[in-house]
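Let me begin by presenting the structure, written as structure tokens, before commenting on it.
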Amino acid sequence: MRSLPRQCQAVVVHDDLATKQRAGELWGAIVNNMGQDVPCTVTYMFAEQVEQAPVMERASQIDIVIVSMHDLARFMANIAGWLSDWLTADTCLPRALFVLHEGEEDRQLVNFLRTLTEFAGVTMFSCGRETNHVQKTTRSERGRCFERLTVSVP
């Protein structure tokens with residue numbers, strides 16, 4: 001009996017339509033990089049919806065989280081508990097966190113997230129407005145499938 005391939009599960013957390021569009025363009029690049037034969041689903045939600053979203057109850061099944069926010073501190077206030085659950089979920093599959101943020105004022109939070117993700121074995125990529133591409137910010141062995149990813153983000 002042939003088993004079906006596991007589906008890649010992604011969640012995009014955004015502020016507004018502009019940040020949703022920015023994350024959507026990144027998601028398109030990620031899917032293109034993985035190849036069209038990899039089955040994927042993505043759930044988009046506003047940061048305020050995270051605590052009530054049914055998909056978020058299955059943290060261990062989410063492979064990719066994309067955060068696209070104007071105010072990264074507000075994001076952390078809204079989903080810090082869920083993010084902790086996701087980072088500590090018991091899974092052997094590679095996972096990645098993509099953080100699209102506004103820039104210098106978010107630098108400390110990006111560094112904090114980098115530390116958390118590295119400890120959890122999650123590969124983290126970040127992109128501020130001062131750069132135009134997503135940069136890998138950790139060296140997780142479990143995240144090797146994302147190592148070649150370089151995408152431009154508007």
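By order in the structure tokens, chains are A, B, ...; within a chain, residues start at 1; ligands start at 1, following the order shown.
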Residue contacts of range 51-60 of chain A (9 Å, only C-alpha atoms) excluding same-chain residues fewer than 5 positions away, as number ranges by chain: A: 11, 43, 45, 78-79, 81-83, 85-91
Write the residues of the selection above to a file with C-alpha atoms, as a PDB file, in the first residue's frame.
```pdb
ATOM      1  CA  VAL A  11       0.482  29.674   9.027  1.00  0.00           C
ATOM      2  CA  THR A  43      -3.798  29.581   6.781  1.00  0.00           C
ATOM      3  CA  MET A  45      -4.890  35.183  10.081  1.00  0.00           C
ATOM      4  CA  ASN A  78      -0.589  38.629  21.030  1.00  0.00           C
ATOM      5  CA  ILE A  79       0.938  35.219  20.403  1.00  0.00           C
ATOM      6  CA  GLY A  81       2.142  31.727  24.410  1.00  0.00           C
ATOM      7  CA  TRP A  82       1.317  30.019  21.147  1.00  0.00           C
ATOM      8  CA  LEU A  83       4.792  30.683  19.739  1.00  0.00           C
ATOM      9  CA  ASP A  85       4.031  25.954  22.211  1.00  0.00           C
ATOM     10  CA  TRP A  86       5.052  25.807  18.549  1.00  0.00           C
ATOM     11  CA  LEU A  87       8.770  26.106  19.306  1.00  0.00           C
ATOM     12  CA  THR A  88       8.636  23.359  21.933  1.00  0.00           C
ATOM     13  CA  ALA A  89       6.367  20.990  19.961  1.00  0.00           C
ATOM     14  CA  ASP A  90       7.676  17.445  19.810  1.00  0.00           C
ATOM     15  CA  THR A  91       8.456  16.834  16.159  1.00  0.00           C
TER      16      THR A  91
END
```
Contacts of range 106-116 of chain A within 12 Å, only C-alpha atoms, excl. fewer than 4 positions in-chain, as an MDAnalysis selection string: chainID A and resid 67 69:77 80 83:88 96:102 120:130 135:140
Would you output that residue set with N, CA and C atoms, as a short mmCIF file (atom, residue, chain, number, x, y, z; two decimals), in the first residue's frame?
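As a result, result03.cif now contains:
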```
data_model
loop_
_atom_site.label_atom_id
_atom_site.label_comp_id
_atom_site.auth_asym_id
_atom_site.auth_seq_id
_atom_site.Cartn_x
_atom_site.Cartn_y
_atom_site.Cartn_z
N VAL A 67 5.54 35.46 9.89
CA VAL A 67 5.04 36.59 10.65
C VAL A 67 5.35 37.84 9.84
N MET A 69 4.60 41.76 10.18
CA MET A 69 4.02 42.75 11.09
C MET A 69 4.68 44.11 10.93
N HIS A 70 3.89 45.15 11.17
CA HIS A 70 4.45 46.50 11.29
C HIS A 70 5.10 46.65 12.65
N ASP A 71 4.48 46.08 13.67
CA ASP A 71 4.94 46.24 15.05
C ASP A 71 5.19 44.86 15.65
N LEU A 72 6.43 44.44 15.64
CA LEU A 72 6.78 43.11 16.10
C LEU A 72 6.49 42.92 17.59
N ALA A 73 6.61 43.99 18.38
CA ALA A 73 6.31 43.90 19.82
C ALA A 73 4.84 43.56 20.04
N ARG A 74 3.95 44.13 19.25
CA ARG A 74 2.52 43.82 19.37
C ARG A 74 2.26 42.36 19.00
N PHE A 75 2.95 41.88 17.99
CA PHE A 75 2.84 40.47 17.62
C PHE A 75 3.22 39.58 18.79
N MET A 76 4.34 39.88 19.42
CA MET A 76 4.80 39.06 20.54
C MET A 76 3.79 39.09 21.68
N ALA A 77 3.20 40.23 21.94
CA ALA A 77 2.20 40.34 23.01
C ALA A 77 0.98 39.47 22.70
N ALA A 80 2.70 35.24 22.09
CA ALA A 80 3.88 34.70 22.77
C ALA A 80 3.62 33.29 23.30
N LEU A 83 3.47 30.83 20.33
CA LEU A 83 4.79 30.68 19.74
C LEU A 83 5.66 29.76 20.59
N SER A 84 5.55 29.89 21.89
CA SER A 84 6.29 29.00 22.79
C SER A 84 5.85 27.56 22.59
N ASP A 85 4.54 27.31 22.47
CA ASP A 85 4.03 25.95 22.21
C ASP A 85 4.57 25.40 20.89
N TRP A 86 4.58 26.25 19.86
CA TRP A 86 5.05 25.81 18.55
C TRP A 86 6.54 25.47 18.60
N LEU A 87 7.33 26.33 19.24
CA LEU A 87 8.77 26.11 19.31
C LEU A 87 9.13 24.85 20.10
N THR A 88 8.32 24.52 21.09
CA THR A 88 8.64 23.36 21.93
C THR A 88 7.87 22.10 21.53
N ALA A 96 10.39 26.05 10.09
CA ALA A 96 11.00 27.36 9.85
C ALA A 96 10.06 28.48 10.27
N LEU A 97 10.68 29.53 10.79
CA LEU A 97 9.98 30.77 11.14
C LEU A 97 10.53 31.87 10.25
N PHE A 98 9.65 32.55 9.55
CA PHE A 98 10.02 33.69 8.71
C PHE A 98 9.44 34.93 9.37
N VAL A 99 10.27 35.93 9.60
CA VAL A 99 9.83 37.16 10.25
C VAL A 99 10.06 38.32 9.29
N LEU A 100 8.97 38.93 8.83
CA LEU A 100 9.02 40.13 8.00
C LEU A 100 8.65 41.29 8.91
N HIS A 101 9.59 42.19 9.13
CA HIS A 101 9.37 43.25 10.11
C HIS A 101 9.75 44.60 9.52
N GLU A 102 9.57 45.65 10.30
CA GLU A 102 9.77 47.00 9.80
C GLU A 102 11.20 47.50 9.84
N ALA A 120 15.41 25.79 19.92
CA ALA A 120 14.35 24.83 19.60
C ALA A 120 14.66 24.00 18.36
N GLY A 121 15.74 24.31 17.65
CA GLY A 121 16.05 23.57 16.42
C GLY A 121 15.21 24.00 15.24
N VAL A 122 14.67 25.21 15.29
CA VAL A 122 13.85 25.76 14.21
C VAL A 122 14.71 26.74 13.43
N THR A 123 14.67 26.66 12.11
CA THR A 123 15.41 27.58 11.27
C THR A 123 14.64 28.89 11.18
N MET A 124 15.33 30.01 11.37
CA MET A 124 14.67 31.31 11.31
C MET A 124 15.27 32.14 10.18
N PHE A 125 14.38 32.81 9.46
CA PHE A 125 14.75 33.77 8.43
C PHE A 125 14.12 35.09 8.80
N SER A 126 14.79 36.19 8.50
CA SER A 126 14.18 37.48 8.80
C SER A 126 14.45 38.46 7.67
N CYS A 127 13.57 39.45 7.57
CA CYS A 127 13.71 40.48 6.56
C CYS A 127 13.08 41.76 7.11
N GLY A 128 13.90 42.79 7.26
CA GLY A 128 13.41 44.10 7.64
C GLY A 128 13.23 44.96 6.41
N ARG A 129 12.62 46.10 6.57
CA ARG A 129 12.40 47.00 5.44
C ARG A 129 13.72 47.52 4.86
N GLU A 130 14.80 47.50 5.67
CA GLU A 130 16.08 48.00 5.18
C GLU A 130 16.77 47.03 4.22
N GLN A 135 16.87 36.62 4.97
CA GLN A 135 18.18 36.10 5.35
C GLN A 135 18.02 35.01 6.39
N LYS A 136 18.78 33.96 6.20
CA LYS A 136 18.80 32.89 7.20
C LYS A 136 19.56 33.40 8.41
N THR A 137 19.00 33.16 9.60
CA THR A 137 19.63 33.71 10.79
C THR A 137 20.05 32.65 11.80
N THR A 138 19.86 31.37 11.50
CA THR A 138 20.34 30.31 12.40
C THR A 138 21.03 29.23 11.59
N ARG A 139 21.65 28.31 12.26
CA ARG A 139 22.35 27.22 11.60
C ARG A 139 21.81 25.86 12.05
N SER A 140 20.51 25.75 12.16
CA SER A 140 19.88 24.51 12.62
C SER A 140 20.14 23.36 11.65
#
```
Selected residue of minimal separation from Thr19 in chain A among A:Arg95, A:Gln36, A:Val31, A:Ser68, counting only C-alpha atoms: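 For Thr19 in chain A, the nearest of the given residues is A:Ser68.
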Nearest-residue call for Gln9 in chain A, choices A:Val50, A:Trp27, A:Thr117, A:Glu104, using only C-alpha atoms: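 Going through A:Val50, A:Trp27, A:Thr117, A:Glu104 one by one, the smallest distance to Gln9 in chain A is for A:Trp27.
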Filtered DSSP result for range 77-106 of chain A, state strand (DSSP E), as a PyMOL selection string: chain A and resi 96-100
